[in-house]
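S.K.: Below you will find the structure I want to go over with you.
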Amino acid sequence: MPTTDSYGQGIPLAALTDGPDIPKAIADLAAGVIPRGVMRFASASARGATLTSPQAGMQAWLQDVQLLTLYDGTAWVAVAAGTQAWSTVSLASGFSHNGNSNGTLQYRVVNLFGEQTLMLRGAVNITYSGTPKVIPNDGFVTNTALPAAARPSSLRTVTGACSTVSSDALSVKIDINTNGRIQIVGTTSPTAKPMIQPPWVSFNGCFCSL
């Protein structure tokens, strides 16, 4: 009868005493090895359709979202992200990149402590307009919304440093919305007290859970 591997993984191995059946021996070996390797699927739905009864410890790569996932015995969880390249945020009119020489406003999605996380870097210049002057586009920095994979499941509020020129505050509130839009909140008119109309806002060090 077949034996199992010496690593305690329960992978069946053909024995010399078994009847000659090479296709079965190969199929048994594949059935024992494949579920213990990193399986590859086009998407989570394709993974679910194939692995209807996953076992704890199974790993699967999802090509559409570029994630390495692990079944922990209860659910599939992300253990690593694929490409971690930075992508430039398309800015709405009234905003421009490289505020205070802090670089272009960019984002990326990474796996931080087992959780998908949106990271931001760079800064924007702000051109106020009107009488009295107000922040453009109601503070919405993004011209094009972030892609679905970079949108949080609920509103995330973070703090961004800002210029002290034309501002009585050292920071402003930044909202990252579920629709993928980023908004600077809390600026005031030039006649208000406190006056908060910083010419630039930094996103360096801003990150949030997705």
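Every chain in the structure tokens takes a letter, A first, then B, and so on in the order presented; its residues are numbered from 1, and the ligands are numbered from 1 following the presented order.
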I'd like the contact shell of segment 177-192 of chain A - 8 Å cut-off, only C-alpha atoms, skipping same-chain residues fewer than 3 positions apart - returned as a tab-separated table (two decimals) with N, CA and C atoms, in the first residue's frame.
M.R.:
```
chain	number	residue	atom	x	y	z
A	132	PRO	N	-15.09	85.78	-0.51
A	132	PRO	CA	-13.70	85.57	-0.07
A	132	PRO	C	-13.11	84.29	-0.68
A	133	LYS	N	-11.82	84.19	-0.64
A	133	LYS	CA	-11.15	83.05	-1.26
A	133	LYS	C	-11.46	81.75	-0.52
A	134	VAL	N	-11.75	80.70	-1.30
A	134	VAL	CA	-12.05	79.38	-0.72
A	134	VAL	C	-11.23	78.33	-1.44
A	135	ILE	N	-11.13	77.16	-0.82
A	135	ILE	CA	-10.36	76.07	-1.39
A	135	ILE	C	-11.08	75.55	-2.65
A	138	ASP	N	-14.26	72.28	-3.46
A	138	ASP	CA	-14.75	71.93	-2.13
A	138	ASP	C	-13.73	71.08	-1.36
A	139	GLY	N	-12.46	71.22	-1.73
A	139	GLY	CA	-11.40	70.49	-1.03
A	139	GLY	C	-11.10	69.12	-1.60
A	140	PHE	N	-11.87	68.65	-2.58
A	140	PHE	CA	-11.62	67.34	-3.17
A	140	PHE	C	-10.40	67.43	-4.09
A	141	VAL	N	-9.34	66.78	-3.69
A	141	VAL	CA	-8.06	66.86	-4.39
A	141	VAL	C	-8.08	66.03	-5.67
A	142	THR	N	-8.76	64.89	-5.64
A	142	THR	CA	-8.70	63.95	-6.75
A	142	THR	C	-9.58	64.36	-7.92
A	144	THR	N	-9.62	62.14	-10.62
A	144	THR	CA	-10.11	60.80	-10.91
A	144	THR	C	-10.06	60.00	-9.62
A	145	ALA	N	-11.13	59.30	-9.28
A	145	ALA	CA	-11.18	58.52	-8.04
A	145	ALA	C	-10.12	57.42	-8.04
A	146	LEU	N	-9.67	57.07	-6.85
A	146	LEU	CA	-8.75	55.95	-6.72
A	146	LEU	C	-9.44	54.66	-7.18
A	147	PRO	N	-8.70	53.69	-7.69
A	147	PRO	CA	-9.33	52.44	-8.14
A	147	PRO	C	-9.96	51.68	-6.98
A	148	ALA	N	-10.85	50.76	-7.30
A	148	ALA	CA	-11.61	50.02	-6.28
A	148	ALA	C	-10.69	49.36	-5.26
A	150	ALA	N	-8.07	50.36	-4.02
A	150	ALA	CA	-7.43	51.33	-3.12
A	150	ALA	C	-8.45	52.13	-2.32
A	151	ARG	N	-9.71	51.69	-2.31
A	151	ARG	CA	-10.76	52.42	-1.60
A	151	ARG	C	-11.06	51.76	-0.25
A	152	PRO	N	-11.17	52.54	0.80
A	152	PRO	CA	-11.46	51.96	2.12
A	152	PRO	C	-12.91	51.50	2.22
A	153	SER	N	-13.16	50.57	3.14
A	153	SER	CA	-14.51	50.05	3.34
A	153	SER	C	-15.40	51.03	4.08
A	154	SER	N	-14.80	51.99	4.78
A	154	SER	CA	-15.55	53.07	5.43
A	154	SER	C	-14.67	54.32	5.41
A	155	LEU	N	-15.27	55.45	5.72
A	155	LEU	CA	-14.52	56.70	5.70
A	155	LEU	C	-13.29	56.61	6.61
A	156	ARG	N	-12.14	57.04	6.10
A	156	ARG	CA	-10.92	57.09	6.90
A	156	ARG	C	-10.46	58.55	7.00
A	166	SER	N	-0.25	81.83	5.91
A	166	SER	CA	-1.69	82.02	5.72
A	166	SER	C	-2.50	80.96	6.46
A	172	VAL	N	-4.13	69.85	8.81
A	172	VAL	CA	-5.53	69.85	8.38
A	172	VAL	C	-6.05	68.41	8.38
A	173	LYS	N	-7.35	68.30	8.37
A	173	LYS	CA	-8.02	67.00	8.30
A	173	LYS	C	-8.07	66.54	6.85
A	174	ILE	N	-7.77	65.27	6.62
A	174	ILE	CA	-7.85	64.69	5.29
A	174	ILE	C	-8.78	63.49	5.34
A	195	MET	N	-7.65	81.57	10.87
A	195	MET	CA	-7.58	81.52	9.41
A	195	MET	C	-6.78	80.28	9.01
A	196	ILE	N	-7.35	79.47	8.15
A	196	ILE	CA	-6.67	78.25	7.70
A	196	ILE	C	-6.77	78.18	6.18
A	197	GLN	N	-5.77	78.72	5.51
A	197	GLN	CA	-5.68	78.66	4.05
A	197	GLN	C	-4.24	78.38	3.64
```
S.K.: Using only C-alpha atoms, which protein or nucleic acid residues come within 10 Å of Ala78 of chain A? Drop anything in the same chain fewer than 6 positions from it, and give the result as an MDAnalysis selection string.
M.R.: chainID A and resid 59:62 67:71 111:116
S.K.: Leaving out Asn125 of chain A and any residue of its chain fewer than 6 positions from it, which residues lie within 12 Å of it when counting only C-alpha atoms, given as a list in words?
M.R.: Leu91, Ala92, Ser93, Gly94, Phe95, Ser96, His97, Asn98, Gly99, Asn100, Ser101, Asn102, Gly103, Thr104, Leu105, Ile135, Pro136, Gly139, Val141, Cys162, Ser163, Ile184, Gln197, Pro198, Pro199, Trp200, Val201, Ser202 and Phe203 of chain A
S.K.: Write the residues of the selection above to a file with C-alpha atoms, as a CSV table (one decimal), in the first residue's frame.
M.R.:
```
chain,number,residue,atom,x,y,z
A,91,LEU,CA,-5.4,66.2,-9.3
A,92,ALA,CA,-8.5,68.3,-9.7
A,93,SER,CA,-8.2,71.9,-11.0
A,94,GLY,CA,-6.8,74.3,-8.3
A,95,PHE,CA,-4.3,71.7,-7.0
A,96,SER,CA,-0.8,70.9,-8.3
A,97,HIS,CA,1.9,68.4,-7.3
A,98,ASN,CA,5.1,68.9,-5.3
A,99,GLY,CA,3.9,71.3,-2.6
A,100,ASN,CA,6.8,72.6,-0.5
A,101,SER,CA,9.1,70.4,-2.7
A,102,ASN,CA,7.6,67.3,-1.0
A,103,GLY,CA,7.1,65.5,-4.3
A,104,THR,CA,4.2,64.3,-6.4
A,105,LEU,CA,1.1,63.1,-4.6
A,135,ILE,CA,-10.4,76.1,-1.4
A,136,PRO,CA,-11.0,74.8,-4.9
A,139,GLY,CA,-11.4,70.5,-1.0
A,141,VAL,CA,-8.1,66.9,-4.4
A,162,CYS,CA,0.4,72.1,6.2
A,163,SER,CA,2.2,75.3,5.7
A,184,ILE,CA,-8.9,68.3,2.5
A,197,GLN,CA,-5.7,78.7,4.0
A,198,PRO,CA,-2.3,76.9,3.8
A,199,PRO,CA,-0.7,77.2,0.3
A,200,TRP,CA,0.4,73.5,0.5
A,201,VAL,CA,-0.7,70.3,2.3
A,202,SER,CA,1.5,67.3,2.8
A,203,PHE,CA,0.4,63.7,2.6
```
S.K.: Find the spatial neighbours of Thr117 of chain A, counting only C-alpha atoms, within a cut-off of 9 Å - ignore same-chain residues fewer than 6 positions away - and output them as a list of chain:residue names.
M.R.: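 The residues that qualify are A:Arg108, A:Val109, A:Val110, A:Asn111, A:Ala150, A:Pro152, A:Phe207, A:Cys208, A:Ser209, A:Leu210.
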S.K.: To test your reading of the structure, identify every residue in segment 66-210 of chain A that backbone DSSP assigns to strand (DSSP E or B), and report it as a ChimeraX atom specification.
M.R.: /A:67-71,76-81,87-88,91,95-97,106-112,115-121,123-126,129,134,140,142,156-162,167,171-176,182-185,196,200-202,207-209
S.K.: Given the choices A:Ser171, A:Gly57, A:Thr159, A:Asn143, which gets closest to Thr74 of chain A if the distance is worked out from only C-alpha atoms?
M.R.: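 Under the stated criterion, the closest residue is A:Gly57.
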S.K.: Work out how far atom CA of Gln63 of chain A is from atom CA of Arg40 of chain A, in Å to one decimal.
M.R.: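 Computed distance, atom CA of Arg40 of chain A to atom CA of Gln63 of chain A, equals 7.4 Å.
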S.K.: How many Å separate atom CA of Gly205 of chain A from atom CA of Met119 of chain A?
M.R.: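 It comes out at 7.6 Å.
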